[in-house]
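Have a look at final_37.cif below; it lists mmCIF, C-alpha atoms (C1' of nucleotides).
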data_final
#
loop_
_atom_site.label_atom_id
_atom_site.label_comp_id
_atom_site.auth_asym_id
_atom_site.auth_seq_id
_atom_site.Cartn_x
_atom_site.Cartn_y
_atom_site.Cartn_z
CA MET A 811 15.91 46.77 -20.32
CA CYS A 812 15.01 44.28 -17.77
CA GLY A 813 13.53 45.46 -14.53
CA ARG A 814 11.42 42.47 -13.53
CA TYR A 815 11.61 38.76 -14.06
CA VAL A 816 10.24 35.37 -13.09
CA LEU A 817 11.91 32.39 -11.46
CA LYS A 818 9.92 29.27 -10.73
CA ARG A 819 11.07 26.90 -8.05
CA LYS A 820 11.36 23.87 -10.28
CA ASP A 821 13.36 25.87 -12.83
CA LEU A 822 15.87 26.98 -10.22
CA GLU A 823 16.25 23.42 -9.00
CA ALA A 824 16.81 22.14 -12.52
CA LEU A 825 19.48 24.75 -13.14
CA LEU A 826 21.25 24.11 -9.85
CA GLN A 827 21.28 20.43 -10.63
CA HIS A 828 22.70 21.17 -14.05
CA PHE A 829 25.58 23.03 -12.44
CA GLY A 830 26.14 20.37 -9.84
CA ILE A 831 25.02 22.56 -6.98
CA ARG A 832 22.74 20.91 -4.47
CA SER A 833 19.65 22.97 -3.85
CA LEU A 834 20.18 25.20 -0.90
CA GLU A 835 17.43 26.45 1.34
CA GLU A 836 13.89 26.25 0.15
CA PHE A 837 13.05 28.65 -2.61
CA HIS A 838 9.48 29.53 -3.50
CA SER A 839 8.48 30.50 -7.01
CA ARG A 840 8.64 34.24 -7.60
CA TYR A 841 6.61 35.70 -10.43
CA ASN A 842 7.56 39.34 -10.02
CA ILE A 843 11.17 39.73 -8.99
CA ALA A 844 12.10 43.40 -8.66
CA PRO A 845 15.30 45.38 -8.17
CA THR A 846 16.53 45.79 -4.56
CA THR A 847 15.35 42.29 -3.65
CA ILE A 848 17.60 39.31 -2.98
CA VAL A 849 17.95 36.98 -5.96
CA PRO A 850 19.72 33.64 -6.45
CA ALA A 851 22.87 33.77 -8.56
CA ILE A 852 25.53 31.28 -9.65
CA ARG A 853 29.21 32.09 -9.74
CA THR A 854 32.63 30.49 -9.58
CA SER A 855 33.73 30.08 -5.99
CA ALA A 856 37.16 30.96 -4.64
CA GLU A 857 37.95 27.26 -4.76
CA GLY A 858 37.09 27.14 -8.43
CA GLY A 859 33.80 25.29 -8.16
CA ARG A 860 30.27 26.56 -8.71
CA GLU A 861 28.26 28.13 -5.95
CA ALA A 862 24.77 29.53 -5.62
CA VAL A 863 24.61 32.76 -3.65
CA PRO A 864 22.02 35.35 -2.69
CA LEU A 865 22.75 38.77 -4.19
CA ARG A 866 20.84 42.01 -3.95
CA TRP A 867 19.68 43.11 -7.37
CA GLY A 868 21.08 46.60 -7.98
CA LEU A 869 24.85 46.79 -8.19
CA VAL A 870 26.71 48.96 -5.70
CA PRO A 871 30.33 49.68 -6.68
CA SER A 872 32.86 48.91 -3.96
CA TRP A 873 33.74 52.58 -3.72
CA ALA A 874 30.20 53.87 -3.37
CA LYS A 875 29.60 56.03 -0.33
CA ASP A 876 25.98 55.08 0.13
CA PRO A 877 24.65 51.67 -0.86
CA ALA A 878 21.02 52.80 -0.87
CA GLY A 879 20.80 56.25 -2.35
CA GLY A 880 22.48 55.87 -5.67
CA ALA A 881 22.10 52.17 -6.19
CA ARG A 882 20.03 52.20 -9.33
CA LEU A 883 22.31 49.94 -11.29
CA CYS A 884 20.02 47.02 -11.94
CA ASN A 885 21.19 46.86 -15.56
CA ALA A 886 24.49 47.35 -17.35
CA ARG A 887 24.66 48.01 -21.06
CA ALA A 888 26.91 45.44 -22.72
CA GLU A 889 28.39 48.16 -24.92
CA GLY A 890 29.89 49.98 -21.96
CA ILE A 891 30.75 47.47 -19.26
CA ALA A 892 34.41 47.12 -20.22
CA ALA A 893 35.04 50.82 -19.69
CA LYS A 894 32.44 52.25 -17.31
CA PRO A 895 33.84 52.93 -13.82
CA ALA A 896 30.89 51.26 -12.16
CA PHE A 897 31.25 48.00 -14.05
CA ARG A 898 34.71 47.47 -15.47
CA HIS A 899 36.11 45.82 -12.37
CA ALA A 900 33.19 43.43 -12.06
CA PHE A 901 33.37 42.74 -15.76
CA ARG A 902 36.89 41.38 -15.39
CA LYS A 903 36.62 39.74 -12.00
CA LYS A 904 33.05 39.23 -10.88
CA ARG A 905 30.82 37.71 -13.51
CA CYS A 906 27.83 35.60 -12.56
CA LEU A 907 24.77 33.83 -13.88
CA VAL A 908 21.26 34.72 -12.78
CA PRO A 909 18.69 31.92 -13.17
CA ALA A 910 15.32 32.79 -14.67
CA SER A 911 12.15 31.35 -16.14
CA GLY A 912 11.21 34.49 -18.09
CA PHE A 913 11.23 38.26 -17.92
CA TYR A 914 8.95 41.25 -18.44
CA GLU A 915 9.10 44.22 -20.74
CA TRP A 916 6.49 46.99 -20.87
CA GLN A 917 4.50 48.29 -23.78
CA THR A 918 3.33 51.86 -23.45
CA LEU A 919 -0.28 52.20 -24.57
CA GLY A 920 -1.31 55.81 -24.25
CA ARG A 921 -1.14 56.49 -20.57
CA THR A 922 -1.05 52.91 -19.42
CA LYS A 923 1.70 50.31 -19.34
CA LEU A 924 1.08 46.76 -20.43
CA PRO A 925 3.53 44.10 -19.26
CA TRP A 926 4.63 41.36 -21.66
CA TYR A 927 6.14 38.10 -20.55
CA PHE A 928 9.05 36.73 -22.58
CA SER A 929 10.45 33.26 -22.22
CA ARG A 930 12.09 30.53 -24.17
CA ARG A 931 9.69 29.05 -26.66
CA ASP A 932 10.32 25.63 -25.16
CA GLU A 933 9.71 27.04 -21.65
CA GLN A 934 13.08 25.81 -20.47
CA PRO A 935 14.83 27.80 -17.75
CA PHE A 936 17.83 29.91 -18.67
CA VAL A 937 20.47 32.20 -17.18
CA PHE A 938 21.02 35.91 -17.55
CA ALA A 939 24.57 37.22 -17.85
CA GLY A 940 25.27 39.18 -14.68
CA LEU A 941 27.93 41.13 -12.83
CA TRP A 942 28.31 41.26 -9.08
CA GLU A 943 30.12 43.45 -6.60
CA SER A 944 30.98 43.54 -2.95
CA TRP A 945 30.51 46.66 -0.85
CA ARG A 946 31.69 47.08 2.72
CA SER A 947 29.95 49.40 5.11
CA PRO A 948 31.92 51.59 7.53
CA ALA A 949 30.84 49.14 10.22
CA GLY A 950 32.38 46.34 8.21
CA THR A 951 29.24 44.65 6.97
CA GLU A 952 29.53 43.09 3.54
CA LEU A 953 26.86 43.67 0.91
CA GLU A 954 26.91 41.65 -2.30
CA THR A 955 24.93 43.00 -5.21
CA CYS A 956 24.40 42.27 -8.89
CA SER A 957 23.35 43.76 -12.21
CA LEU A 958 21.89 42.22 -15.36
CA ILE A 959 23.58 42.96 -18.67
CA THR A 960 21.44 44.26 -21.50
CA THR A 961 21.89 44.26 -25.24
CA ASP A 962 19.86 45.08 -28.35
CA ALA A 963 16.46 43.46 -28.46
CA ASN A 964 15.95 40.60 -30.88
CA PRO A 965 13.04 40.91 -33.34
CA VAL A 966 10.59 39.28 -30.95
CA VAL A 967 11.30 41.49 -27.94
CA GLY A 968 11.95 44.39 -30.27
CA GLN A 969 8.25 44.68 -31.01
CA ILE A 970 7.84 45.94 -27.46
CA HIS A 971 11.16 47.40 -26.41
CA ASP A 972 14.54 48.12 -27.95
CA ARG A 973 16.63 46.42 -25.27
CA MET A 974 16.65 43.01 -23.66
CA PRO A 975 18.69 41.14 -21.07
CA VAL A 976 21.54 38.95 -22.26
CA ILE A 977 20.58 35.28 -22.08
CA LEU A 978 23.49 32.89 -22.20
CA ALA A 979 23.27 29.47 -23.81
CA GLY A 980 25.50 26.68 -24.99
CA SER A 981 29.21 27.13 -24.41
CA GLY A 982 28.69 30.78 -23.55
CA VAL A 983 27.39 29.84 -20.12
CA GLU A 984 30.63 28.27 -18.96
CA GLU A 985 32.77 30.80 -20.75
CA TRP A 986 31.09 33.68 -18.96
CA ILE A 987 31.95 32.45 -15.48
CA ASN A 988 35.37 31.10 -16.38
CA PRO A 989 37.70 33.27 -14.25
CA GLU A 990 40.53 32.78 -16.72
CA HIS A 991 38.66 34.92 -19.18
CA GLU A 992 39.31 38.61 -18.64
CA GLU A 993 39.82 39.93 -22.13
CA PRO A 994 36.92 41.95 -23.49
CA GLU A 995 37.63 40.48 -26.93
CA LYS A 996 36.75 37.09 -25.55
CA LEU A 997 33.85 38.06 -23.33
CA LEU A 998 31.95 40.73 -25.25
CA PRO A 999 31.06 38.41 -28.15
CA LEU A 1000 29.06 36.31 -25.70
CA LEU A 1001 26.72 39.21 -25.00
CA ARG A 1002 24.48 38.88 -28.04
CA PRO A 1003 20.69 38.95 -28.31
CA PHE A 1004 19.15 35.53 -27.73
CA PRO A 1005 17.81 34.04 -31.01
CA ALA A 1006 14.32 35.31 -31.76
CA GLU A 1007 13.27 31.94 -33.17
CA GLU A 1008 13.71 30.42 -29.73
CA MET A 1009 11.68 33.03 -27.86
CA SER A 1010 8.04 33.88 -27.45
CA GLY A 1011 6.18 36.66 -25.73
CA ARG A 1012 2.64 37.53 -24.72
CA PRO A 1013 0.83 40.30 -22.86
CA VAL A 1014 0.04 39.43 -19.25
CA ASN A 1015 -1.86 40.64 -16.20
CA PRO A 1016 -1.29 44.38 -15.68
CA GLN A 1017 -1.21 43.70 -11.95
CA VAL A 1018 2.42 42.81 -12.63
CA ASN A 1019 3.04 46.55 -12.60
CA SER A 1020 2.75 46.54 -8.84
CA VAL A 1021 5.55 44.71 -7.09
CA ALA A 1022 3.00 43.66 -4.48
CA THR A 1023 1.60 41.17 -6.98
CA GLU A 1024 3.96 38.25 -6.66
CA GLY A 1025 1.97 35.10 -7.42
CA PRO A 1026 1.20 33.04 -10.52
CA GLU A 1027 -1.60 35.44 -11.42
CA CYS A 1028 1.19 37.55 -12.92
CA LEU A 1029 1.27 35.21 -15.90
CA GLU A 1030 -2.46 35.28 -16.59
CA PRO A 1031 -3.23 36.55 -20.09
CA ALA A 1032 -3.89 40.26 -20.31
CA PRO A 1033 -7.55 41.11 -20.69
CA VAL A 1034 -8.29 41.98 -24.30
CA LEU A 1035 -9.43 45.57 -24.22
CA PRO A 1036 -8.68 47.24 -27.53
CA ALA A 1037 -10.82 50.36 -27.66
CA PRO A 1038 -12.26 50.97 -31.16
CA GLY A 1039 -9.79 52.90 -33.25
CA SER A 1040 -6.89 52.53 -30.87
CA GLU A 1041 -4.26 49.97 -31.48
CA GLY A 1042 -4.66 47.07 -29.10
CA PRO A 1043 -1.97 44.66 -28.16
CA GLN A 1044 -1.19 41.90 -30.58
CA LEU A 1045 -2.16 38.52 -29.28
CA SER A 1046 1.33 37.13 -29.20
CA LEU A 1047 4.79 37.32 -30.67
CA GLY A 1048 7.22 34.68 -31.70
CA PHE A 1049 4.98 33.09 -34.31
CA GLU A 1050 5.33 33.44 -38.02
"C1'" DC B 1325 52.91 61.93 -5.19
"C1'" DC B 1326 47.86 62.61 -3.13
"C1'" DA B 1327 42.95 64.17 -3.51
"C1'" DG B 1328 38.84 63.73 -5.47
"C1'" DA B 1329 35.69 62.18 -8.66
"C1'" DC B 1330 33.30 58.55 -10.65
"C1'" DG B 1331 27.61 55.44 -10.06
"C1'" DT B 1332 23.92 53.80 -15.03
"C1'" DT B 1333 19.57 52.92 -17.57
"C1'" DG B 1334 15.63 54.06 -19.32
"C1'" DT B 1335 12.02 57.20 -21.68
"C1'" DT B 1336 9.91 60.93 -24.38
"C1'" DG C 450 39.00 50.15 -8.02
"C1'" DT C 451 40.81 53.32 -11.30
"C1'" DC C 452 41.39 57.46 -13.72
"C1'" DT C 453 42.10 62.50 -13.82
"C1'" DG C 454 43.83 66.83 -12.13
"C1'" DG C 455 47.05 69.52 -9.74
"C1'" DC D 997 10.96 48.08 -14.29
"C1'" DC D 998 6.58 50.64 -12.00
"C1'" DA D 999 4.14 52.80 -8.02
"C1'" DG D 1000 3.95 56.00 -4.74
"C1'" DA D 1001 5.65 59.51 -2.02
"C1'" DC D 1002 7.18 63.97 -1.77
"C1'" DG D 1003 4.80 69.70 1.51
"C1'" DT D 1004 8.45 73.18 4.89
"C1'" DT D 1005 8.57 77.44 7.37
"C1'" DG D 1006 7.78 80.05 10.94
"C1'" DT D 1007 5.43 80.65 15.02
"C1'" DT D 1008 3.01 79.54 19.47
"C1'" DG E 1206 9.36 66.66 -11.70
"C1'" DT E 1207 12.15 63.63 -9.18
"C1'" DC E 1208 13.52 60.44 -5.81
"C1'" DT E 1209 12.76 56.17 -3.13
"C1'" DG E 1210 11.24 51.49 -2.34
"C1'" DG E 1211 10.18 46.91 -3.77
#
Let me see the structure of the file written as structure tokens.
Amino acid sequence: MCGRYVLKRKDLEALLQHFGIRSLEEFHSRYNIAPTTIVPAIRTSAEGGREAVPLRWGLVPSWAKDPAGGARLCNARAEGIAAKPAFRHAFRKKRCLVPASGFYEWQTLGRTKLPWYFSRRDEQPFVFAGLWESWRSPAGTELETCSLITTDANPVVGQIHDRMPVILAGSGVEEWINPEHEEPEKLLPLLRPFPAEEMSGRPVNPQVNSVATEGPECLEPAPVLPAPGSEGPQLSLGFE
DNA sequence: CCAGACGTTGTT
DNA sequence: GTCTGG
DNA sequence: CCAGACGTTGTT
DNA sequence: GTCTGG
């Protein structure tokens, strides 16, 4: 799954430039982005161009009664999005890209959780495949939310967790937000695990566990603390 | 036809 | 929004 | 995703 | 144990 990620300022700017979107308001690097917070996303505008928009992470279906209580939809399994009531509409009509520098997955070690940071091996920014929705309150206020699509983990991430977010690359990026595409047969093949050879991962500062830790210290290497006899974390993944 | 239900994922 | 049940 | 909160009633 | 908040 993917319940936390990283987006550095310069990476967002590079991506916006790539899509021909001029950088909006100032964005500061965020090293511990969590569900329920506002995240930058890219989608096709009503006019057919690209736009960057703030979305709340945690999709709320348009028909939901309460946007807070049940909104735990920060991920959507690729296998089910074409049919699940909560996602099928967004899958056809409201696809988006979510810029990122890297993401976290947790390794359970006994009673503690160790966060690992995964990114492209070349440290280039990338985009997650996302869905968004619009919810209107009884008072008429509009709330736009999003969810990140997950798929099977590749062999690198798979050492830690069996799922990972879908990372789009190449022609898949444009195809995903092309509004002319609505057929699952065309879209679902884009939702594959990112190539393991192009990814790397390493254990990082356990302070990541708390959403209050938001700075670059999140990416500090995890202290090496393998107790004798217990299996400690491997130093890194993504190497031969 | 209308009323009412339906949210998802993750983990052990 | 869309499907199911009555 | 993880961390942290969450008591409940009856009675004065 | 389970729900809420970030």
Q: Please write the residues picked by the PyMOL selection byres ((chain B and resi 1336) around 12) on this file as JSON, numbers by chain.
A: {"A": [918], "B": [1334, 1335]}
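Evaluated on this file, the PyMOL selection byres ((chain E and resi 1208) around 9) matches DA1001 and DC1002 of chain D; DT1207 and DT1209 of chain E.
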Q: List, as a ChimeraX atom specification, every residue that the PyMOL selection byres ((chain A) within 8 of (chain E)) selects in the file provided.
A: /A:844-847,1021-1022
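Taking CA of Ser839 in chain A and CA of Phe1004 in chain A as the two end points, the separation is 23.8 Å.
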Provide an axis-aligned box for all listed atoms of range 867-881 of chain A, padding each side by 5 Å; report its centre and its edge lengths in Å to one decimal, as JSON.
{"center_x": 26.7, "center_y": 49.7, "center_z": -4.0, "size_x": 24.1, "size_y": 23.1, "size_z": 18.3}
Can you spit out chain C with N, CA and C atoms (P, O5', C5', C4', C3', O3' and C1' of nucleotides), as a compact mmCIF listing (two decimals), in the first residue's frame, from the structure just given?
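Everything below was put into out37.txt:
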# COMPACT_ATOMS: atom_id res chain seq x y z
P DG C 450 -24.68 12.34 -9.92
O5' DG C 450 -24.03 10.89 -10.22
C5' DG C 450 -22.88 10.80 -11.01
C4' DG C 450 -22.46 9.35 -11.06
C3' DG C 450 -23.37 8.47 -11.88
O3' DG C 450 -22.56 7.57 -12.62
C1' DG C 450 -23.32 7.71 -9.62
P DT C 451 -23.24 6.59 -13.71
O5' DT C 451 -23.61 5.32 -12.83
C5' DT C 451 -22.58 4.66 -12.11
C4' DT C 451 -23.16 3.42 -11.46
C3' DT C 451 -24.21 2.70 -12.30
O3' DT C 451 -24.01 1.32 -12.12
C1' DT C 451 -25.09 3.17 -10.21
P DC C 452 -24.60 0.30 -13.22
O5' DC C 452 -25.03 -0.88 -12.25
C5' DC C 452 -24.13 -1.30 -11.23
C4' DC C 452 -24.94 -1.83 -10.06
C3' DC C 452 -26.02 -2.82 -10.48
O3' DC C 452 -25.83 -4.03 -9.79
C1' DC C 452 -26.90 -1.15 -9.04
P DT C 453 -26.81 -5.25 -10.07
O5' DT C 453 -27.71 -5.22 -8.76
C5' DT C 453 -27.11 -5.05 -7.49
C4' DT C 453 -28.19 -5.12 -6.42
C3' DT C 453 -29.25 -6.18 -6.71
O3' DT C 453 -29.56 -6.86 -5.51
C1' DT C 453 -30.27 -4.04 -6.54
P DG C 454 -30.64 -8.00 -5.51
O5' DG C 454 -31.87 -7.24 -4.86
C5' DG C 454 -31.67 -6.49 -3.65
C4' DG C 454 -33.03 -6.04 -3.12
C3' DG C 454 -34.14 -7.07 -3.34
O3' DG C 454 -35.00 -7.03 -2.21
C1' DG C 454 -34.68 -5.08 -4.51
P DG C 455 -36.22 -8.05 -2.07
O5' DG C 455 -37.46 -7.11 -2.36
C5' DG C 455 -37.61 -5.91 -1.61
C4' DG C 455 -38.83 -5.16 -2.09
C3' DG C 455 -40.00 -6.07 -2.44
O3' DG C 455 -41.23 -5.54 -1.90
C1' DG C 455 -39.49 -4.67 -4.27
